[in-house]
file target_24.cif (mmCIF, C-alpha atoms)
data_structure
#
loop_
_atom_site.group_PDB
_atom_site.id
_atom_site.type_symbol
_atom_site.label_atom_id
_atom_site.label_comp_id
_atom_site.auth_asym_id
_atom_site.auth_seq_id
_atom_site.Cartn_x
_atom_site.Cartn_y
_atom_site.Cartn_z
ATOM 1 C CA MET F 591 5.990 -15.807 5.678
ATOM 2 C CA GLN F 592 3.733 -16.737 2.752
ATOM 3 C CA GLU F 593 0.828 -15.928 5.008
ATOM 4 C CA PHE F 594 2.306 -12.559 5.919
ATOM 5 C CA PHE F 595 2.607 -11.477 2.290
ATOM 6 C CA ALA F 596 -0.908 -12.737 1.510
ATOM 7 C CA MET F 597 -2.389 -10.365 4.136
ATOM 8 C CA GLY F 598 -5.491 -12.514 4.466
ATOM 9 C CA GLY F 599 -6.194 -12.218 0.735
ATOM 10 C CA TYR F 600 -5.756 -8.416 0.704
ATOM 11 C CA GLY F 601 -2.034 -8.590 -0.118
ATOM 12 C CA SER F 602 -2.235 -6.794 -3.469
ATOM 13 C CA TYR F 603 -4.121 -3.861 -1.926
ATOM 14 C CA VAL F 604 -2.007 -3.587 1.222
ATOM 15 C CA TRP F 605 1.366 -3.877 -0.529
ATOM 16 C CA SER F 606 0.421 -1.509 -3.356
ATOM 17 C CA ALA F 607 -0.693 1.059 -0.769
ATOM 18 C CA PHE F 608 2.622 0.840 1.109
ATOM 19 C CA GLY F 609 4.689 0.604 -2.097
ATOM 20 C CA ILE F 610 3.146 3.649 -3.788
ATOM 21 C CA SER F 611 3.404 5.678 -0.568
ATOM 22 C CA PHE F 612 7.084 4.732 -0.269
ATOM 23 C CA LEU F 613 7.728 5.861 -3.866
ATOM 24 C CA ILE F 614 5.999 9.226 -3.384
ATOM 25 C CA ILE F 615 7.986 9.830 -0.163
ATOM 26 C CA LEU F 616 11.235 8.816 -1.875
ATOM 27 C CA ILE F 617 10.630 11.337 -4.678
ATOM 28 C CA ASN F 618 10.019 14.002 -2.005
ATOM 29 C CA LEU F 619 13.403 13.269 -0.423
ATOM 30 C CA VAL F 620 15.427 12.915 -3.638
ATOM 31 C CA GLN F 621 14.063 15.980 -5.456
ATOM 32 C CA PRO F 622 15.200 18.598 -2.887
ATOM 33 C CA ALA F 623 18.567 16.853 -2.570
ATOM 34 C CA LEU F 624 19.112 17.149 -6.344
ATOM 35 C CA GLN F 625 17.836 20.753 -6.350
ATOM 36 C CA HIS F 626 20.250 21.583 -3.519
ATOM 37 C CA ARG F 627 23.196 20.019 -5.360
ATOM 38 C CA GLN F 628 22.385 21.994 -8.504
ATOM 39 C CA ALA F 629 22.053 25.252 -6.505
ATOM 40 C CA ILE F 630 25.459 24.666 -4.889
ATOM 41 C CA ARG F 631 26.978 24.086 -8.352
ATOM 42 C CA ASP F 632 25.378 27.235 -9.772
ATOM 43 C CA ALA F 633 26.482 29.296 -6.772
ATOM 44 C CA ASP F 634 29.980 27.863 -7.072
ATOM 45 C CA ASP F 635 30.159 28.876 -10.745
ATOM 46 C CA PHE F 636 28.838 32.361 -10.027
ATOM 47 C CA HIS F 637 31.159 33.156 -7.130
ATOM 48 C CA HIS F 638 34.107 31.617 -8.930
ATOM 49 C CA GLN F 639 33.827 33.971 -11.886
ATOM 50 C CA GLU F 640 33.384 36.854 -9.506
ATOM 51 C CA LYS F 641 36.469 36.076 -7.392
ATOM 52 C CA MET H 310 15.714 41.794 23.414
ATOM 53 C CA ASN H 311 13.842 38.848 24.809
ATOM 54 C CA ILE H 312 14.674 35.303 23.845
ATOM 55 C CA ILE H 313 11.649 34.735 21.597
ATOM 56 C CA ALA H 314 12.333 37.875 19.573
ATOM 57 C CA LYS H 315 15.980 36.856 19.235
ATOM 58 C CA TRP H 316 15.113 33.408 17.873
ATOM 59 C CA TYR H 317 12.503 34.936 15.642
ATOM 60 C CA TYR H 318 15.020 37.215 13.972
ATOM 61 C CA ARG H 319 17.715 34.576 13.770
ATOM 62 C CA LEU H 320 15.452 31.998 12.139
ATOM 63 C CA GLY H 321 14.463 34.688 9.675
ATOM 64 C CA ALA H 322 18.078 35.150 8.651
ATOM 65 C CA PRO H 323 19.262 32.633 6.031
ATOM 66 C CA ASN H 324 22.926 32.929 7.060
ATOM 67 C CA TRP H 325 21.864 31.543 10.443
ATOM 68 C CA PHE H 326 19.069 29.229 9.327
ATOM 69 C CA TYR H 327 21.118 27.386 6.703
ATOM 70 C CA PRO H 328 23.998 26.067 8.847
ATOM 71 C CA LEU H 329 21.736 25.407 11.852
ATOM 72 C CA THR H 330 19.296 23.265 9.870
ATOM 73 C CA GLY H 331 22.248 21.535 8.228
ATOM 74 C CA LYS H 332 23.285 20.259 11.664
ATOM 75 C CA MET H 333 19.693 19.267 12.537
ATOM 76 C CA LEU H 334 18.986 17.176 9.431
ATOM 77 C CA PRO H 335 20.761 13.919 10.384
ATOM 78 C CA TRP H 336 19.088 13.917 13.828
ATOM 79 C CA ILE H 337 15.656 14.431 12.315
ATOM 80 C CA ALA H 338 16.278 11.544 9.910
ATOM 81 C CA VAL H 339 17.352 9.285 12.801
ATOM 82 C CA ILE H 340 14.257 10.139 14.874
ATOM 83 C CA PHE H 341 12.053 9.525 11.830
ATOM 84 C CA LEU H 342 13.521 6.030 11.312
ATOM 85 C CA ALA H 343 13.381 5.260 15.055
ATOM 86 C CA LEU H 344 9.616 5.913 14.968
ATOM 87 C CA LEU H 345 8.948 4.438 11.518
ATOM 88 C CA ILE H 346 10.591 1.039 11.994
ATOM 89 C CA PRO H 347 8.682 -0.051 15.135
ATOM 90 C CA GLY H 348 5.534 1.589 13.735
ATOM 91 C CA LEU H 349 5.723 -0.451 10.532
ATOM 92 C CA TYR H 350 6.701 -3.632 12.380
ATOM 93 C CA MET H 351 3.820 -3.392 14.825
ATOM 94 C CA GLY H 352 1.363 -2.217 12.195
ATOM 95 C CA LEU H 353 2.140 -4.984 9.729
ATOM 96 C CA PHE H 354 3.058 -7.861 12.090
ATOM 97 C CA THR H 355 1.886 -7.630 15.664
ATOM 98 C CA ALA H 356 -1.382 -5.651 15.478
ATOM 99 C CA PRO H 357 -4.308 -8.104 15.330
ATOM 100 C CA ALA H 358 -6.393 -8.253 12.141
ATOM 101 C CA ASP H 359 -9.630 -6.253 12.250
ATOM 102 C CA TYR H 360 -12.702 -8.327 13.083
ATOM 103 C CA GLN H 361 -14.628 -6.869 10.130
ATOM 104 C CA GLN H 362 -11.981 -5.741 7.661
ATOM 105 C CA GLY H 363 -9.371 -8.467 8.139
ATOM 106 C CA ASP H 364 -5.814 -7.480 7.168
ATOM 107 C CA SER H 365 -6.998 -4.781 4.748
ATOM 108 C CA PHE H 366 -7.245 -2.396 7.712
ATOM 109 C CA ARG H 367 -3.416 -2.281 7.824
ATOM 110 C CA ILE H 368 -3.617 0.259 5.000
ATOM 111 C CA MET H 369 -4.777 2.574 7.791
ATOM 112 C CA TYR H 370 -1.175 2.831 9.070
ATOM 113 C CA VAL H 371 -0.157 4.861 6.051
ATOM 114 C CA HIS H 372 -3.570 6.242 5.036
ATOM 115 C CA VAL H 373 -4.546 7.938 8.306
ATOM 116 C CA PRO H 374 -1.160 9.541 9.153
ATOM 117 C CA ALA H 375 -0.886 10.802 5.544
ATOM 118 C CA ALA H 376 -4.391 12.286 5.704
ATOM 119 C CA TRP H 377 -3.606 13.913 9.067
ATOM 120 C CA MET H 378 -0.385 15.357 7.645
ATOM 121 C CA SER H 379 -2.183 16.704 4.578
ATOM 122 C CA MET H 380 -4.327 18.782 6.958
ATOM 123 C CA PHE H 381 -1.599 19.608 9.499
ATOM 124 C CA ILE H 382 0.715 20.955 6.776
ATOM 125 C CA TYR H 383 -2.059 23.162 5.449
ATOM 126 C CA PHE H 384 -2.692 24.525 8.935
ATOM 127 C CA ALA H 385 1.039 25.227 9.388
ATOM 128 C CA MET H 386 1.084 27.011 6.009
ATOM 129 C CA ALA H 387 -1.896 29.139 7.030
ATOM 130 C CA VAL H 388 -0.089 30.213 10.228
ATOM 131 C CA ALA H 389 2.976 31.068 8.131
ATOM 132 C CA ALA H 390 0.743 32.999 5.715
ATOM 133 C CA VAL H 391 -0.457 35.231 8.575
ATOM 134 C CA VAL H 392 3.155 35.810 9.652
ATOM 135 C CA ALA H 393 4.153 36.540 6.039
ATOM 136 C CA LEU H 394 1.333 39.014 5.473
ATOM 137 C CA VAL H 395 1.426 40.823 8.822
ATOM 138 C CA TRP H 396 5.179 41.026 9.478
ATOM 139 C CA ARG H 397 6.435 40.562 5.908
ATOM 140 C CA VAL H 398 8.792 37.753 6.839
ATOM 141 C CA ARG H 399 10.289 36.231 3.700
ATOM 142 C CA MET H 400 11.262 33.027 5.505
ATOM 143 C CA ALA H 401 7.543 32.384 6.136
ATOM 144 C CA GLU H 402 6.934 32.590 2.388
ATOM 145 C CA ILE H 403 9.791 30.171 1.736
ATOM 146 C CA MET H 404 8.190 27.844 4.297
ATOM 147 C CA ILE H 405 4.824 27.995 2.489
ATOM 148 C CA ILE H 406 6.197 27.383 -1.002
ATOM 149 C CA SER H 407 8.403 24.562 0.331
ATOM 150 C CA SER H 408 5.467 22.958 2.157
ATOM 151 C CA ALA H 409 2.980 23.040 -0.729
ATOM 152 C CA PRO H 410 4.451 20.100 -2.720
ATOM 153 C CA ILE H 411 4.867 18.071 0.505
ATOM 154 C CA GLY H 412 1.243 18.691 1.479
ATOM 155 C CA ALA H 413 0.153 17.764 -2.028
ATOM 156 C CA SER H 414 2.170 14.534 -1.778
ATOM 157 C CA PHE H 415 0.522 13.561 1.524
ATOM 158 C CA ALA H 416 -2.930 14.363 0.136
ATOM 159 C CA LEU H 417 -2.114 12.201 -2.898
ATOM 160 C CA ILE H 418 -0.934 9.351 -0.643
ATOM 161 C CA ALA H 419 -4.157 9.638 1.396
ATOM 162 C CA LEU H 420 -6.274 9.520 -1.771
ATOM 163 C CA ILE H 421 -4.407 6.611 -3.405
ATOM 164 C CA THR H 422 -4.215 4.458 -0.268
ATOM 165 C CA GLY H 423 -7.858 5.305 0.464
ATOM 166 C CA SER H 424 -8.749 4.114 -3.001
ATOM 167 C CA LEU H 425 -6.813 0.868 -2.454
ATOM 168 C CA TRP H 426 -8.660 0.407 0.833
ATOM 169 C CA GLY H 427 -12.035 1.383 -0.605
ATOM 170 C CA LYS H 428 -11.960 -1.136 -3.440
ATOM 171 C CA PRO H 429 -11.994 -4.279 -1.260
ATOM 172 C CA MET H 430 -14.161 -2.739 1.519
ATOM 173 C CA TRP H 431 -16.729 -0.642 -0.385
ATOM 174 C CA GLY H 432 -16.412 -2.308 -3.789
ATOM 175 C CA ALA H 433 -15.402 0.941 -5.489
ATOM 176 C CA TRP H 434 -12.083 2.700 -6.142
ATOM 177 C CA TRP H 435 -13.748 6.091 -5.874
ATOM 178 C CA VAL H 436 -17.073 7.556 -4.775
ATOM 179 C CA TRP H 437 -18.081 11.241 -4.762
ATOM 180 C CA ASP H 438 -18.378 11.142 -1.005
ATOM 181 C CA ALA H 439 -17.970 14.376 1.020
ATOM 182 C CA ARG H 440 -14.737 13.247 2.721
ATOM 183 C CA LEU H 441 -13.100 12.076 -0.501
ATOM 184 C CA THR H 442 -14.218 15.100 -2.494
ATOM 185 C CA SER H 443 -13.021 17.647 0.088
ATOM 186 C CA GLU H 444 -9.633 15.870 0.310
ATOM 187 C CA LEU H 445 -9.372 15.995 -3.500
ATOM 188 C CA ILE H 446 -10.113 19.740 -3.339
ATOM 189 C CA LEU H 447 -7.299 20.082 -0.769
ATOM 190 C CA LEU H 448 -4.909 18.470 -3.269
ATOM 191 C CA PHE H 449 -5.997 20.966 -5.947
ATOM 192 C CA ILE H 450 -5.545 23.899 -3.535
ATOM 193 C CA TYR H 451 -1.974 22.755 -2.803
ATOM 194 C CA LEU H 452 -1.258 22.539 -6.526
ATOM 195 C CA GLY H 453 -2.888 25.953 -7.061
ATOM 196 C CA ILE H 454 -0.694 27.597 -4.398
ATOM 197 C CA PHE H 455 2.429 26.073 -5.947
ATOM 198 C CA ALA H 456 1.427 27.088 -9.480
ATOM 199 C CA LEU H 457 0.509 30.655 -8.463
ATOM 200 C CA TYR H 458 3.868 31.315 -6.780
ATOM 201 C CA ASN H 459 5.804 29.972 -9.733
ATOM 202 C CA ALA H 460 3.693 31.843 -12.292
ATOM 203 C CA ILE H 461 4.545 35.286 -10.868
ATOM 204 C CA GLU H 462 8.012 36.543 -11.783
ATOM 205 C CA ASN H 463 8.421 39.065 -8.935
ATOM 206 C CA LYS H 464 8.910 36.913 -5.828
ATOM 207 C CA GLN H 465 7.631 39.605 -3.445
ATOM 208 C CA THR H 466 4.325 39.826 -5.309
ATOM 209 C CA ALA H 467 4.258 36.041 -5.690
ATOM 210 C CA GLY H 468 4.748 35.599 -1.937
ATOM 211 C CA ARG H 469 1.868 37.941 -1.081
ATOM 212 C CA ALA H 470 -0.510 36.397 -3.608
ATOM 213 C CA MET H 471 0.381 32.902 -2.417
ATOM 214 C CA SER H 472 -0.159 33.850 1.253
ATOM 215 C CA ILE H 473 -3.603 35.287 0.509
ATOM 216 C CA LEU H 474 -4.610 32.204 -1.502
ATOM 217 C CA THR H 475 -3.375 29.998 1.369
ATOM 218 C CA LEU H 476 -5.615 31.861 3.834
ATOM 219 C CA VAL H 477 -8.643 31.623 1.550
ATOM 220 C CA GLY H 478 -8.167 27.856 1.261
ATOM 221 C CA VAL H 479 -8.388 27.425 5.056
ATOM 222 C CA VAL H 480 -12.200 27.162 4.781
ATOM 223 C CA ASN H 481 -11.667 23.681 3.341
ATOM 224 C CA LEU H 482 -10.033 22.350 6.543
ATOM 225 C CA PRO H 483 -13.157 22.227 8.780
ATOM 226 C CA ILE H 484 -15.104 20.896 5.797
ATOM 227 C CA ILE H 485 -12.711 17.919 5.528
ATOM 228 C CA HIS H 486 -12.733 17.296 9.271
ATOM 229 C CA TYR H 487 -16.489 17.487 9.797
ATOM 230 C CA SER H 488 -17.473 15.983 6.441
ATOM 231 C CA VAL H 489 -18.082 12.596 8.068
ATOM 232 C CA VAL H 490 -20.377 14.249 10.627
ATOM 233 C CA TRP H 491 -22.244 16.798 8.482
ATOM 234 C CA TRP H 492 -22.970 14.483 5.568
ATOM 235 C CA ASN H 493 -24.066 10.906 5.420
ATOM 236 C CA THR H 494 -20.824 9.562 4.032
ATOM 237 C CA LEU H 495 -19.558 6.161 3.034
ATOM 238 C CA HIS H 496 -16.247 7.053 4.686
ATOM 239 C CA GLN H 497 -16.109 5.798 8.263
ATOM 240 C CA ALA H 498 -16.278 8.304 11.112
ATOM 241 C CA ALA H 499 -13.391 9.235 13.398
ATOM 242 C CA THR H 500 -12.181 6.533 15.771
ATOM 243 C CA VAL H 501 -9.137 8.141 17.381
ATOM 244 C CA SER H 502 -9.972 11.822 17.891
ATOM 245 C CA LYS H 503 -12.881 11.143 20.258
ATOM 246 C CA PHE H 504 -10.600 10.750 23.232
ATOM 247 C CA ASP H 505 -13.259 10.041 25.839
ATOM 248 C CA THR H 506 -14.142 6.692 24.268
ATOM 249 C CA PRO H 507 -11.632 5.853 21.534
ATOM 250 C CA SER H 508 -13.127 2.959 19.607
ATOM 251 C CA ILE H 509 -9.809 1.434 18.621
ATOM 252 C CA HIS H 510 -7.918 -1.314 20.417
ATOM 253 C CA ILE H 511 -4.666 -0.288 22.117
ATOM 254 C CA ASP H 512 -2.596 -2.793 20.069
ATOM 255 C CA MET H 513 -3.908 -1.140 16.920
ATOM 256 C CA LEU H 514 -3.598 2.394 18.297
ATOM 257 C CA ILE H 515 0.090 2.320 19.321
ATOM 258 C CA PRO H 516 1.470 1.636 15.805
ATOM 259 C CA LEU H 517 -0.887 4.296 14.434
ATOM 260 C CA LEU H 518 0.473 6.902 16.849
ATOM 261 C CA LEU H 519 4.069 5.824 16.056
ATOM 262 C CA MET H 520 3.423 6.228 12.331
ATOM 263 C CA ALA H 521 1.736 9.594 12.887
ATOM 264 C CA ALA H 522 4.743 10.833 14.896
ATOM 265 C CA ALA H 523 7.124 9.422 12.255
ATOM 266 C CA PHE H 524 5.289 11.359 9.531
ATOM 267 C CA GLN H 525 5.670 14.602 11.515
ATOM 268 C CA PHE H 526 9.426 14.146 11.471
ATOM 269 C CA LEU H 527 9.315 13.109 7.821
ATOM 270 C CA TYR H 528 7.578 16.397 7.036
ATOM 271 C CA LEU H 529 10.158 18.346 9.033
ATOM 272 C CA TRP H 530 12.958 16.499 7.231
ATOM 273 C CA ILE H 531 11.623 17.143 3.719
ATOM 274 C CA LEU H 532 10.610 20.706 4.644
ATOM 275 C CA LEU H 533 14.126 21.656 5.780
ATOM 276 C CA LEU H 534 15.706 20.011 2.714
ATOM 277 C CA LYS H 535 13.318 21.889 0.457
ATOM 278 C CA MET H 536 13.672 25.248 2.270
ATOM 279 C CA ARG H 537 17.471 25.052 2.138
ATOM 280 C CA ALA H 538 17.406 24.273 -1.581
ATOM 281 C CA ASN H 539 14.902 27.070 -2.325
ATOM 282 C CA LEU H 540 16.881 29.596 -0.250
ATOM 283 C CA LEU H 541 20.154 28.798 -2.011
ATOM 284 C CA GLU H 542 18.480 28.979 -5.386
ATOM 285 C CA GLN H 543 16.812 32.349 -4.708
ATOM 286 C CA ASP H 544 19.831 33.932 -3.005
ATOM 287 C CA LEU H 545 22.438 32.615 -5.444
ATOM 288 C CA HIS H 546 24.129 36.022 -5.748
ATOM 289 C CA CYS H 547 23.872 37.034 -2.078
ATOM 290 C CA GLY H 548 26.700 37.455 0.371
ATOM 291 C CA TRP H 549 25.686 34.632 2.700
ATOM 292 C CA VAL H 550 25.723 32.111 -0.175
ATOM 293 C CA LYS H 551 29.133 33.410 -1.231
ATOM 294 C CA LYS H 552 30.405 32.807 2.286
ATOM 295 C CA ILE H 553 29.054 29.241 2.280
ATOM 296 C CA ILE H 554 30.685 28.547 -1.095
ATOM 297 C CA TRP H 555 34.024 29.952 0.116
ATOM 298 C CA ASP H 556 33.861 27.951 3.335
ATOM 299 C CA ARG H 557 33.126 24.822 1.323
ATOM 300 C CA ARG H 558 36.110 25.472 -0.927
ATOM 301 C CA LYS H 559 38.376 26.042 2.052
ATOM 302 C CA ALA H 560 37.233 22.767 3.607
ATOM 303 C CA HIS H 561 37.690 21.031 0.276
ATOM 304 C CA ASN H 562 41.203 22.369 -0.297
ATOM 305 C CA GLY H 563 42.274 21.382 3.203
ATOM 306 C CA GLY H 564 42.432 24.909 4.569
ATOM 307 C CA ASN H 565 44.634 26.430 1.842
#

call {"tool": "encode", "arguments": {"input": "target_24.cif", "output": "structure tokens"}}
result
Amino acid sequence: MQEFFAMGGYGSYVWSAFGISFLIILINLVQPALQHRQAIRDADDFHHQEK
Amino acid sequence: MNIIAKWYYRLGAPNWFYPLTGKMLPWIAVIFLALLIPGLYMGLFTAPADYQQGDSFRIMYVHVPAAWMSMFIYFAMAVAAVVALVWRVRMAEIMIISSAPIGASFALIALITGSLWGKPMWGAWWVWDARLTSELILLFIYLGIFALYNAIENKQTAGRAMSILTLVGVVNLPIIHYSVVWWNTLHQAATVSKFDTPSIHIDMLIPLLLMAAAFQFLYLWILLLKMRANLLEQDLHCGWVKKIIWDRRKAHNGGN
């Protein structure tokens, strides 16, 4: 296991590459979900007042 | 009306697109994970270390699919730009503006992971090499498209301007692809796309193809999430959004 994380001495490069990519992808998934939730709330407010 | 025309019109209608894509999302997420998990496992565990680059080559499994996606997304946006300009389809514009930040993200991933791969292999985080520079320009084009659309108040004008800018930026795609051929670059040449004699071992190739397929579904997943959010936001006052809100309330109140 130790050996796996060491990645033949390149561990810091390999794991930073995968870690940063994961973070960027996560932001891409969370942001539209939050935007969608806000849009539903705004639409709900608007069409509530309107009746 | 033939089937293609029917689908074309339906997909262009938000009141049809929104619920349909809502049903598709969980399946797309499942397919993405089903490709990603074995891809990562094989890429990080079972693929043999490279004879020259050791384990550092494993960065390839995120670097190459991300770089491919950064170009594929741009190509898809350019096709949508033609559709938007010729047939004035608003959904095509929504697709472009929703894709731009995703394309920018993949270009950024390609640049960062390339930098983390370049440092141990070339001894430098960054060089002004033709491949790296043209990929950096691609990132700026994505950001430019996004900024242009959001800077123009009238969304019809914004959509047209954005579509034209998208088409102009297409010239960069062949430059990125052939940069390793046309110029004497530090970046290594293609190993997969020369199908007659692919110079990559099969045990290394399979996880790469799995990751590349996974990233296609990841793009589709994020794209649909983003398009749905943008559509709701833009059409806040429209009838189809009202219907969705009322249906949601009915479901929430248990049918009363």

call {"tool": "closest_atom_pairs", "arguments": {"input": "target_24.cif", "of": "chain F", "to": "chain H", "cutoff": "7 Å", "atoms": "only C-alpha atoms", "output": "tab-separated table"}}
result
residue	atom	partner	partner_atom	distance
F:Met597	CA	H:Asp364	CA	5.4
F:Gly598	CA	H:Asp364	CA	5.7
F:Tyr600	CA	H:Ser365	CA	5.6
F:Tyr603	CA	H:Leu425	CA	5.5
F:Val604	CA	H:Ile368	CA	5.6
F:Ala607	CA	H:Thr422	CA	4.9
F:Phe608	CA	H:Val371	CA	7.0
F:Ser611	CA	H:Ile418	CA	5.7
F:Ile614	CA	H:Ser414	CA	6.7
F:Asn618	CA	H:Ile531	CA	6.7
F:Leu619	CA	H:Ile531	CA	5.9
F:Pro622	CA	H:Lys535	CA	5.1
F:Ala623	CA	H:Leu534	CA	6.8
F:Gln625	CA	H:Ala538	CA	5.9
F:His626	CA	H:Ala538	CA	4.4
F:Ala629	CA	H:Glu542	CA	5.3
F:Ala633	CA	H:Leu545	CA	5.4
F:Asp634	CA	H:Ile554	CA	6.1
F:His637	CA	H:Lys551	CA	6.2

call {"tool": "resolve_selection", "arguments": {"input": "target_24.cif", "expression": "the PyMOL selection byres ((chain H and resi 351) around 10)", "output": "short mmCIF file (atom, residue, chain, number, x, y, z; two decimals) with C-alpha atoms, keeping the file's coordinate frame"}}
result
data_model
loop_
_atom_site.label_atom_id
_atom_site.label_comp_id
_atom_site.auth_asym_id
_atom_site.auth_seq_id
_atom_site.Cartn_x
_atom_site.Cartn_y
_atom_site.Cartn_z
CA LEU H 345 8.95 4.44 11.52
CA ILE H 346 10.59 1.04 11.99
CA PRO H 347 8.68 -0.05 15.14
CA GLY H 348 5.53 1.59 13.74
CA LEU H 349 5.72 -0.45 10.53
CA TYR H 350 6.70 -3.63 12.38
CA GLY H 352 1.36 -2.22 12.20
CA LEU H 353 2.14 -4.98 9.73
CA PHE H 354 3.06 -7.86 12.09
CA THR H 355 1.89 -7.63 15.66
CA ALA H 356 -1.38 -5.65 15.48
CA PRO H 357 -4.31 -8.10 15.33
CA TYR H 370 -1.18 2.83 9.07
CA ASP H 512 -2.60 -2.79 20.07
CA MET H 513 -3.91 -1.14 16.92
CA ILE H 515 0.09 2.32 19.32
CA PRO H 516 1.47 1.64 15.80
CA LEU H 517 -0.89 4.30 14.43
CA LEU H 519 4.07 5.82 16.06
CA MET H 520 3.42 6.23 12.33
#

call {"tool": "resolve_selection", "arguments": {"input": "target_24.cif", "expression": "the PyMOL selection byres ((chain H and resi 439-446) around 8)", "output": "number ranges by chain"}}
result
H: 416, 420, 436-438, 447-450, 481, 484-486, 488-489, 492, 494, 496

call {"tool": "write_last_selection", "arguments": {"input": "target_24.cif", "atoms": "C-alpha atoms", "output": "short mmCIF file (atom, residue, chain, number, x, y, z; two decimals), in the frame of the given file"}}
result
data_model
loop_
_atom_site.label_atom_id
_atom_site.label_comp_id
_atom_site.auth_asym_id
_atom_site.auth_seq_id
_atom_site.Cartn_x
_atom_site.Cartn_y
_atom_site.Cartn_z
CA ALA H 416 -2.93 14.36 0.14
CA LEU H 420 -6.27 9.52 -1.77
CA VAL H 436 -17.07 7.56 -4.78
CA TRP H 437 -18.08 11.24 -4.76
CA ASP H 438 -18.38 11.14 -1.00
CA LEU H 447 -7.30 20.08 -0.77
CA LEU H 448 -4.91 18.47 -3.27
CA PHE H 449 -6.00 20.97 -5.95
CA ILE H 450 -5.54 23.90 -3.54
CA ASN H 481 -11.67 23.68 3.34
CA ILE H 484 -15.10 20.90 5.80
CA ILE H 485 -12.71 17.92 5.53
CA HIS H 486 -12.73 17.30 9.27
CA SER H 488 -17.47 15.98 6.44
CA VAL H 489 -18.08 12.60 8.07
CA TRP H 492 -22.97 14.48 5.57
CA THR H 494 -20.82 9.56 4.03
CA HIS H 496 -16.25 7.05 4.69
#

call {"tool": "resolve_selection", "arguments": {"input": "target_24.cif", "expression": "the PyMOL selection byres ((chain H and resi 390) around 7)", "output": "list in words"}}
result
Met386, Ala387, Val388, Ala389, Val391, Val392, Ala393, Leu394, Ala401, Ser472, Thr475 and Leu476 of chain H

call {"tool": "axis_aligned_box", "arguments": {"input": "target_24.cif", "around": "range 592-611 of chain F", "padding_each_side": "8 Å", "output": "lines of an AutoDock Vina configuration file"}}
result
center_x = -0.8
center_y = -5.5
center_z = 1.1
size_x = 26.9
size_y = 38.4
size_z = 25.7

call {"tool": "atom_distance", "arguments": {"input": "target_24.cif", "atom1": "CA of His510 in chain H", "atom2": "CA of Gln361 in chain H"}}
result
13.5 Å

call {"tool": "atom_distance", "arguments": {"input": "target_24.cif", "atom1": "CA of Ile382 in chain H", "atom2": "CA of Ile473 in chain H"}}
result
16.2 Å

call {"tool": "atom_distance", "arguments": {"input": "target_24.cif", "atom1": "CA of Gln628 in chain F", "atom2": "CA of Arg399 in chain H"}}
result
22.3 Å

call {"tool": "closest_residue", "arguments": {"input": "target_24.cif", "among": "H:Ile406, H:Leu482, H:Ala499, H:Ala521", "to": "Gly468 in chain H", "atoms": "only C-alpha atoms"}}
result
H:Ile406

call {"tool": "decode", "arguments": {"input": "target_24.cif", "residues": "range 598-629 of chain F", "atoms": "C-alpha atoms", "output": "PDB file, in the first residue's frame"}}
result
ATOM      1  CA  GLY F 598       7.640   5.076  -7.744  1.00  0.00           C
ATOM      2  CA  GLY F 599       8.696   8.422  -6.262  1.00  0.00           C
ATOM      3  CA  TYR F 600       6.210  10.421  -8.376  1.00  0.00           C
ATOM      4  CA  GLY F 601       3.443  10.251  -5.754  1.00  0.00           C
ATOM      5  CA  SER F 602       3.183  13.999  -5.140  1.00  0.00           C
ATOM      6  CA  TYR F 603       2.788  14.710  -8.866  1.00  0.00           C
ATOM      7  CA  VAL F 604       0.375  11.866  -9.601  1.00  0.00           C
ATOM      8  CA  TRP F 605      -1.882  12.461  -6.588  1.00  0.00           C
ATOM      9  CA  SER F 606      -1.955  16.242  -7.031  1.00  0.00           C
ATOM     10  CA  ALA F 607      -2.951  15.747 -10.677  1.00  0.00           C
ATOM     11  CA  PHE F 608      -5.836  13.432  -9.740  1.00  0.00           C
ATOM     12  CA  GLY F 609      -6.812  15.504  -6.682  1.00  0.00           C
ATOM     13  CA  ILE F 610      -6.981  18.846  -8.505  1.00  0.00           C
ATOM     14  CA  SER F 611      -8.895  17.267 -11.403  1.00  0.00           C
ATOM     15  CA  PHE F 612     -11.389  15.773  -8.940  1.00  0.00           C
ATOM     16  CA  LEU F 613     -11.915  19.190  -7.306  1.00  0.00           C
ATOM     17  CA  ILE F 614     -12.493  20.969 -10.630  1.00  0.00           C
ATOM     18  CA  ILE F 615     -15.003  18.270 -11.682  1.00  0.00           C
ATOM     19  CA  LEU F 616     -16.759  18.466  -8.307  1.00  0.00           C
ATOM     20  CA  ILE F 617     -17.197  22.241  -8.670  1.00  0.00           C
ATOM     21  CA  ASN F 618     -18.668  21.628 -12.146  1.00  0.00           C
ATOM     22  CA  LEU F 619     -21.269  19.262 -10.686  1.00  0.00           C
ATOM     23  CA  VAL F 620     -22.142  21.287  -7.573  1.00  0.00           C
ATOM     24  CA  GLN F 621     -22.445  24.706  -9.240  1.00  0.00           C
ATOM     25  CA  PRO F 622     -25.286  23.802 -11.661  1.00  0.00           C
ATOM     26  CA  ALA F 623     -27.082  21.922  -8.882  1.00  0.00           C
ATOM     27  CA  LEU F 624     -27.028  25.052  -6.685  1.00  0.00           C
ATOM     28  CA  GLN F 625     -28.022  27.268  -9.638  1.00  0.00           C
ATOM     29  CA  HIS F 626     -30.935  24.924 -10.380  1.00  0.00           C
ATOM     30  CA  ARG F 627     -32.115  24.987  -6.758  1.00  0.00           C
ATOM     31  CA  GLN F 628     -32.019  28.786  -6.708  1.00  0.00           C
ATOM     32  CA  ALA F 629     -33.932  28.989 -10.027  1.00  0.00           C
TER      33      ALA F 629
END
